[in-house]
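What follows is the content of work15.cif, which has mmCIF, C-alpha atoms (C1' of nucleotides):
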data_input
#
loop_
_atom_site.label_atom_id
_atom_site.label_comp_id
_atom_site.auth_asym_id
_atom_site.auth_seq_id
_atom_site.Cartn_x
_atom_site.Cartn_y
_atom_site.Cartn_z
CA MET A 66 -5.86 3.59 -24.52
CA THR A 67 -4.11 5.50 -26.34
CA LYS A 68 -4.54 8.68 -26.15
CA THR A 69 -3.13 11.71 -25.62
CA LEU A 70 -4.34 15.04 -26.36
CA LYS A 71 -2.77 16.93 -23.55
CA PRO A 72 -1.47 20.11 -25.06
CA ARG A 73 -0.32 21.66 -21.86
CA THR A 74 2.61 23.28 -23.46
CA SER A 75 3.80 26.73 -24.27
CA ALA A 76 1.34 26.77 -27.14
CA ARG A 77 -1.40 27.01 -24.57
CA GLU A 78 0.12 30.20 -23.31
CA LYS A 79 -0.02 31.66 -26.77
CA LEU A 80 -3.64 30.69 -26.98
CA ARG A 81 -4.32 32.76 -23.92
CA SER A 82 -3.31 35.74 -25.97
CA VAL A 83 -5.96 35.01 -28.52
CA ASN A 84 -8.43 34.12 -25.84
CA PRO A 85 -9.22 37.29 -23.95
CA SER A 86 -12.30 35.53 -22.70
CA GLY A 87 -10.11 33.55 -20.38
CA ASN A 88 -11.30 30.38 -21.96
CA LYS A 89 -8.63 28.08 -20.76
CA ASP A 90 -10.83 25.26 -21.96
CA SER A 91 -10.09 26.29 -25.49
CA ASN A 92 -6.99 24.39 -26.40
CA PHE A 93 -5.17 24.78 -29.63
CA PHE A 94 -6.79 21.67 -30.96
CA ASP A 95 -10.26 22.77 -29.97
CA LEU A 96 -9.80 26.13 -31.62
CA VAL A 97 -8.74 24.47 -34.80
CA PHE A 98 -11.78 22.23 -34.66
CA GLN A 99 -14.02 25.23 -34.21
CA VAL A 100 -12.66 26.94 -37.28
CA VAL A 101 -12.67 23.84 -39.42
CA ALA A 102 -16.26 23.14 -38.45
CA GLN A 103 -17.19 26.57 -39.76
CA ILE A 104 -15.80 25.99 -43.22
CA PRO A 105 -18.69 26.38 -45.65
CA LYS A 106 -19.46 23.61 -48.09
CA GLY A 107 -17.68 23.93 -51.39
CA ARG A 108 -14.90 25.97 -49.85
CA VAL A 109 -11.46 25.15 -48.56
CA THR A 110 -8.93 26.81 -46.31
CA THR A 111 -5.30 26.46 -45.44
CA TYR A 112 -3.45 25.48 -42.31
CA GLY A 113 -1.67 28.79 -42.28
CA ALA A 114 -4.95 30.68 -42.49
CA ILE A 115 -6.31 28.80 -39.53
CA ALA A 116 -3.13 29.26 -37.59
CA ALA A 117 -3.11 32.95 -38.40
CA CYS A 118 -6.72 33.23 -37.33
CA LEU A 119 -5.76 31.71 -34.02
CA GLY A 120 -2.80 34.02 -33.73
CA THR A 121 -0.22 31.29 -34.03
CA LYS A 122 0.75 31.91 -37.59
CA SER A 123 4.05 30.17 -37.12
CA SER A 124 2.35 27.04 -35.95
CA ALA A 125 0.74 26.05 -39.20
CA ARG A 126 2.24 22.64 -38.71
CA MET A 127 0.52 22.27 -35.40
CA VAL A 128 -2.79 22.85 -37.13
CA GLY A 129 -2.07 19.83 -39.27
CA TRP A 130 -1.15 17.94 -36.15
CA ALA A 131 -4.44 18.91 -34.61
CA MET A 132 -6.20 17.48 -37.63
CA ASN A 133 -4.58 14.18 -36.96
CA ALA A 134 -6.05 14.38 -33.47
CA VAL A 135 -9.54 15.04 -34.79
CA PRO A 136 -12.08 12.84 -33.05
CA LYS A 137 -13.51 10.37 -35.49
CA GLY A 138 -16.88 10.38 -33.79
CA PRO A 139 -19.33 13.25 -33.92
CA PRO A 140 -19.05 15.99 -34.69
CA ARG A 141 -17.32 15.02 -37.89
CA LEU A 142 -15.05 17.82 -38.98
CA PRO A 143 -14.71 18.52 -42.69
CA ALA A 144 -10.99 17.95 -42.50
CA HIS A 145 -11.06 17.27 -46.22
CA ARG A 146 -11.71 20.96 -46.72
CA VAL A 147 -8.35 21.84 -45.22
CA VAL A 148 -5.42 21.89 -47.57
CA ASN A 149 -2.02 23.46 -47.58
CA ARG A 150 -1.26 26.85 -49.05
CA ASN A 151 -0.29 25.20 -52.28
CA GLY A 152 -3.81 23.88 -52.64
CA MET A 153 -2.44 20.38 -52.41
CA LEU A 154 -4.31 17.63 -50.59
CA SER A 155 -1.45 16.95 -48.26
CA GLY A 156 -3.74 15.28 -45.75
CA LYS A 157 -5.30 12.73 -47.99
CA HIS A 158 -3.13 10.03 -46.53
CA ALA A 159 -4.82 10.53 -43.14
CA PHE A 160 -8.14 9.35 -44.53
CA PRO A 161 -9.30 5.75 -44.59
CA THR A 162 -8.42 5.84 -48.25
CA PRO A 163 -6.30 8.39 -50.11
CA ASP A 164 -9.13 8.87 -52.55
CA ALA A 165 -11.66 9.69 -49.86
CA MET A 166 -10.49 13.25 -49.48
CA GLN A 167 -10.42 14.04 -53.16
CA LYS A 168 -13.72 12.30 -53.74
CA ARG A 169 -15.28 14.30 -50.98
CA LEU A 170 -13.98 17.56 -52.40
CA GLU A 171 -15.26 16.68 -55.84
CA ARG A 172 -18.62 16.00 -54.28
CA GLU A 173 -18.49 19.61 -53.08
CA LYS A 174 -18.03 20.72 -56.63
CA ILE A 175 -14.38 21.37 -55.97
CA LYS A 176 -12.16 20.36 -58.85
CA VAL A 177 -9.10 18.40 -57.89
CA VAL A 178 -6.38 17.50 -60.34
CA ASP A 179 -3.18 15.73 -59.45
CA ASP A 180 -4.06 16.07 -55.76
CA LYS A 181 -4.28 19.80 -56.21
CA VAL A 182 -7.35 21.99 -55.84
CA GLN A 183 -8.18 23.86 -59.02
CA ASP A 184 -9.37 27.42 -58.75
CA PHE A 185 -8.00 27.23 -55.27
CA LYS A 186 -8.02 31.01 -55.04
CA ARG A 187 -11.68 31.03 -55.81
CA VAL A 188 -12.75 28.38 -53.34
CA PHE A 189 -10.39 29.60 -50.67
CA TRP A 190 -12.18 30.55 -47.46
CA ASN A 191 -10.43 32.91 -45.15
CA PRO A 192 -11.49 32.37 -41.53
CA SER A 193 -9.96 35.65 -40.50
CA GLU A 194 -12.29 37.48 -42.85
CA GLU A 195 -15.39 35.38 -43.28
CA LEU A 196 -15.41 34.14 -39.73
CA ASN A 197 -14.55 37.18 -37.71
"C1'" DG B 266 18.07 15.72 -23.23
"C1'" DA B 267 19.01 15.12 -28.22
"C1'" DA B 268 17.56 13.54 -32.70
"C1'" DA B 269 13.96 12.45 -35.85
"C1'" DT B 270 9.29 13.22 -37.67
"C1'" DG B 271 5.34 15.74 -39.60
"C1'" DA B 272 -2.20 17.08 -42.87
"C1'" DC B 273 3.17 23.70 -43.27
"C1'" DG B 274 5.29 28.05 -44.99
"C1'" DT B 275 8.58 31.06 -47.00
"C1'" DA B 276 12.86 31.94 -49.45
"C1'" DA B 277 16.18 30.86 -52.84
"C1'" DG B 278 17.88 28.46 -57.25
"C1'" DA C 285 6.48 27.23 -62.82
"C1'" DC C 286 9.01 23.58 -60.42
"C1'" DT C 287 12.55 21.86 -57.09
"C1'" DT C 288 15.56 22.33 -53.09
"C1'" DA C 289 16.77 24.21 -48.70
"C1'" DC C 290 15.75 26.12 -44.27
"C1'" DG C 291 12.81 27.50 -40.30
"C1'" DC C 292 8.87 26.84 -36.95
"C1'" DC C 293 6.66 24.22 -33.10
"C1'" DA C 294 4.84 20.21 -30.79
"C1'" DT C 295 4.99 15.10 -30.43
"C1'" DT C 296 7.48 10.84 -30.44
"C1'" DT C 297 11.41 7.72 -30.02
#

Please express the file's structure as structure tokens.
Amino acid sequence: MTKTLKPRTSAREKLRSVNPSGNKDSNFFDLVFQVVAQIPKGRVTTYGAIAACLGTKSSARMVGWAMNAVPKGPPRLPAHRVVNRNGMLSGKHAFPTPDAMQKRLEREKIKVVDDKVQDFKRVFWNPSEELN
DNA sequence: GAAATGACGTAAG
DNA sequence: ACTTACGCCATTT
């Protein structure tokens, strides 16, 4: 088994701050999954944006870590729509094939050149604004 | 417990 | 605009 996914760390305490509902079930990973799942087709977002939306702006790296912990089974999260602030497909290596991520983005009408999203500013989707 | 690693971000050159 | 350096936070060794 492998597994893991037990984020019972200080990060969880921070999450409480952003979870006035008292949802202790909502872990950092789960929150990230929720946001990622809401990314519209043909749009992309950044780790920092997600982290900021969750309130843990400084934990942009943890967002990426959460992506690595994304369950492969359903529901499939559009992790390919999450890139870094530079618009670079930094997570392509986490896919079955490095080309899978770019191919998927291109299928969404998103132009990708040199592992970088073109018109990134235009396709950028801000969870803090669009998602509320 | 300390050091190294990592789907990041910002600052400085 | 591109490259290098440093900081952040959790996981792993």

* Have a look at CA of Asp95 (chain A) and C1' of DA272 (chain B) and let me know their distance in Å, one decimal. => 16.2 Å

* region 141-148 of chain A: which residues within 6 Å, counting only C-alpha atoms (C1' of nucleotides), same-chain residues fewer than 3 positions away excluded, as number ranges by chain? -> A: 102, 109-111, 152-154, 166

* To do: Could you tell me which of A:Phe94, A:Gly107, A:Arg126, A:Ala114 comes closest to chain C if we count all atoms listed in the file?
  => A:Arg126

* Report as a VMD selection string the residues that result from applying the PyMOL selection byres ((chain A) within 6 of (chain B)) to the structure here. => chain A and resid 125 to 126 129 155 to 156

Counting all atoms listed in the file, give me one row per residue of chain C with an atom at most 9 Å from an atom of chain A, showing the shortest contact pair and its distance in Å to one decimal, sorted by chain then residue number, as a Markdown table.
| residue | atom | partner | partner_atom | distance |
| --- | --- | --- | --- | --- |
| C:DC292 | C1' | A:Ser123 | CA | 5.9 |
| C:DC293 | C1' | A:Ser124 | CA | 5.9 |
| C:DA294 | C1' | A:Met127 | CA | 6.6 |
| C:DT295 | C1' | A:Trp130 | CA | 8.9 |

May I have the selected residues written with C-alpha atoms (C1' of nucleotides), as a PDB file, in the frame of the given file?
ATOM      1  C1'  DC C 292       8.870  26.840 -36.950  1.00  0.00           C
ATOM      2  C1'  DC C 293       6.660  24.220 -33.100  1.00  0.00           C
ATOM      3  C1'  DA C 294       4.840  20.210 -30.790  1.00  0.00           C
ATOM      4  C1'  DT C 295       4.990  15.100 -30.430  1.00  0.00           C
TER       5       DT C 295
END

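Rounded to one decimal, C1' of DA285 (chain C) and CA of Val177 (chain A) lie 18.6 Å from each other.
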
Is it possible to add N, CA and C atoms to region 116-144 of chain A and hand it back as a PDB file, in the coordinates of the input?
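Writing done, so here's selection_23.pdb:
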ATOM      1  N   ALA A 116      -4.126  28.908 -38.606  1.00  0.00           N
ATOM      2  CA  ALA A 116      -3.130  29.260 -37.590  1.00  0.00           C
ATOM      3  C   ALA A 116      -3.092  30.765 -37.385  1.00  0.00           C
ATOM      4  N   ALA A 117      -3.142  31.481 -38.486  1.00  0.00           N
ATOM      5  CA  ALA A 117      -3.110  32.950 -38.400  1.00  0.00           C
ATOM      6  C   ALA A 117      -4.356  33.456 -37.691  1.00  0.00           C
ATOM      7  N   CYS A 118      -5.464  32.830 -37.959  1.00  0.00           N
ATOM      8  CA  CYS A 118      -6.720  33.230 -37.330  1.00  0.00           C
ATOM      9  C   CYS A 118      -6.640  33.012 -35.823  1.00  0.00           C
ATOM     10  N   LEU A 119      -5.907  31.996 -35.443  1.00  0.00           N
ATOM     11  CA  LEU A 119      -5.760  31.710 -34.020  1.00  0.00           C
ATOM     12  C   LEU A 119      -4.663  32.554 -33.399  1.00  0.00           C
ATOM     13  N   GLY A 120      -3.879  33.167 -34.250  1.00  0.00           N
ATOM     14  CA  GLY A 120      -2.800  34.020 -33.730  1.00  0.00           C
ATOM     15  C   GLY A 120      -1.463  33.329 -33.769  1.00  0.00           C
ATOM     16  N   THR A 121      -1.480  32.027 -33.989  1.00  0.00           N
ATOM     17  CA  THR A 121      -0.220  31.290 -34.030  1.00  0.00           C
ATOM     18  C   THR A 121       0.148  31.011 -35.486  1.00  0.00           C
ATOM     19  N   LYS A 122       0.450  32.050 -36.178  1.00  0.00           N
ATOM     20  CA  LYS A 122       0.750  31.910 -37.590  1.00  0.00           C
ATOM     21  C   LYS A 122       1.927  30.983 -37.845  1.00  0.00           C
ATOM     22  N   SER A 123       2.856  31.002 -36.927  1.00  0.00           N
ATOM     23  CA  SER A 123       4.050  30.170 -37.120  1.00  0.00           C
ATOM     24  C   SER A 123       3.790  28.704 -36.839  1.00  0.00           C
ATOM     25  N   SER A 124       2.620  28.420 -36.332  1.00  0.00           N
ATOM     26  CA  SER A 124       2.350  27.040 -35.950  1.00  0.00           C
ATOM     27  C   SER A 124       1.420  26.350 -36.925  1.00  0.00           C
ATOM     28  N   ALA A 125       1.598  26.673 -38.177  1.00  0.00           N
ATOM     29  CA  ALA A 125       0.740  26.050 -39.200  1.00  0.00           C
ATOM     30  C   ALA A 125       0.856  24.534 -39.120  1.00  0.00           C
ATOM     31  N   ARG A 126       2.029  24.095 -38.794  1.00  0.00           N
ATOM     32  CA  ARG A 126       2.240  22.640 -38.710  1.00  0.00           C
ATOM     33  C   ARG A 126       1.422  22.039 -37.607  1.00  0.00           C
ATOM     34  N   MET A 127       1.287  22.789 -36.534  1.00  0.00           N
ATOM     35  CA  MET A 127       0.520  22.270 -35.400  1.00  0.00           C
ATOM     36  C   MET A 127      -0.943  22.110 -35.788  1.00  0.00           C
ATOM     37  N   VAL A 128      -1.398  22.968 -36.674  1.00  0.00           N
ATOM     38  CA  VAL A 128      -2.790  22.850 -37.130  1.00  0.00           C
ATOM     39  C   VAL A 128      -2.968  21.484 -37.789  1.00  0.00           C
ATOM     40  N   GLY A 129      -2.020  21.135 -38.609  1.00  0.00           N
ATOM     41  CA  GLY A 129      -2.070  19.830 -39.270  1.00  0.00           C
ATOM     42  C   GLY A 129      -2.027  18.725 -38.232  1.00  0.00           C
ATOM     43  N   TRP A 130      -1.246  18.944 -37.207  1.00  0.00           N
ATOM     44  CA  TRP A 130      -1.150  17.940 -36.150  1.00  0.00           C
ATOM     45  C   TRP A 130      -2.477  17.794 -35.449  1.00  0.00           C
ATOM     46  N   ALA A 131      -3.130  18.921 -35.265  1.00  0.00           N
ATOM     47  CA  ALA A 131      -4.440  18.910 -34.610  1.00  0.00           C
ATOM     48  C   ALA A 131      -5.424  18.095 -35.442  1.00  0.00           C
ATOM     49  N   MET A 132      -5.305  18.215 -36.741  1.00  0.00           N
ATOM     50  CA  MET A 132      -6.200  17.480 -37.630  1.00  0.00           C
ATOM     51  C   MET A 132      -6.041  15.984 -37.426  1.00  0.00           C
ATOM     52  N   ASN A 133      -4.828  15.594 -37.174  1.00  0.00           N
ATOM     53  CA  ASN A 133      -4.580  14.180 -36.960  1.00  0.00           C
ATOM     54  C   ASN A 133      -5.217  13.729 -35.652  1.00  0.00           C
ATOM     55  N   ALA A 134      -5.451  14.694 -34.769  1.00  0.00           N
ATOM     56  CA  ALA A 134      -6.050  14.380 -33.470  1.00  0.00           C
ATOM     57  C   ALA A 134      -7.553  14.603 -33.498  1.00  0.00           C
ATOM     58  N   VAL A 135      -8.103  14.821 -34.668  1.00  0.00           N
ATOM     59  CA  VAL A 135      -9.540  15.040 -34.790  1.00  0.00           C
ATOM     60  C   VAL A 135     -10.297  13.793 -34.368  1.00  0.00           C
ATOM     61  N   PRO A 136     -11.256  13.978 -33.492  1.00  0.00           N
ATOM     62  CA  PRO A 136     -12.080  12.840 -33.050  1.00  0.00           C
ATOM     63  C   PRO A 136     -12.867  12.273 -34.211  1.00  0.00           C
ATOM     64  N   LYS A 137     -12.814  10.990 -34.363  1.00  0.00           N
ATOM     65  CA  LYS A 137     -13.510  10.370 -35.490  1.00  0.00           C
ATOM     66  C   LYS A 137     -15.020  10.424 -35.304  1.00  0.00           C
ATOM     67  N   GLY A 138     -15.439  10.338 -34.083  1.00  0.00           N
ATOM     68  CA  GLY A 138     -16.880  10.380 -33.790  1.00  0.00           C
ATOM     69  C   GLY A 138     -17.429  11.771 -34.031  1.00  0.00           C
ATOM     70  N   PRO A 139     -18.695  11.960 -33.729  1.00  0.00           N
ATOM     71  CA  PRO A 139     -19.330  13.250 -33.920  1.00  0.00           C
ATOM     72  C   PRO A 139     -18.737  14.292 -32.998  1.00  0.00           C
ATOM     73  N   PRO A 140     -18.630  15.552 -33.381  1.00  0.00           N
ATOM     74  CA  PRO A 140     -19.050  15.990 -34.690  1.00  0.00           C
ATOM     75  C   PRO A 140     -17.972  15.736 -35.721  1.00  0.00           C
ATOM     76  N   ARG A 141     -18.309  15.292 -36.876  1.00  0.00           N
ATOM     77  CA  ARG A 141     -17.320  15.020 -37.890  1.00  0.00           C
ATOM     78  C   ARG A 141     -16.842  16.309 -38.508  1.00  0.00           C
ATOM     79  N   LEU A 142     -15.590  16.580 -38.426  1.00  0.00           N
ATOM     80  CA  LEU A 142     -15.050  17.820 -38.980  1.00  0.00           C
ATOM     81  C   LEU A 142     -14.687  17.630 -40.444  1.00  0.00           C
ATOM     82  N   PRO A 143     -15.033  18.588 -41.261  1.00  0.00           N
ATOM     83  CA  PRO A 143     -14.710  18.520 -42.690  1.00  0.00           C
ATOM     84  C   PRO A 143     -13.223  18.710 -42.915  1.00  0.00           C
ATOM     85  N   ALA A 144     -12.446  17.827 -42.390  1.00  0.00           N
ATOM     86  CA  ALA A 144     -10.990  17.950 -42.500  1.00  0.00           C
ATOM     87  C   ALA A 144     -10.566  17.912 -43.961  1.00  0.00           C
TER      88      ALA A 144
END
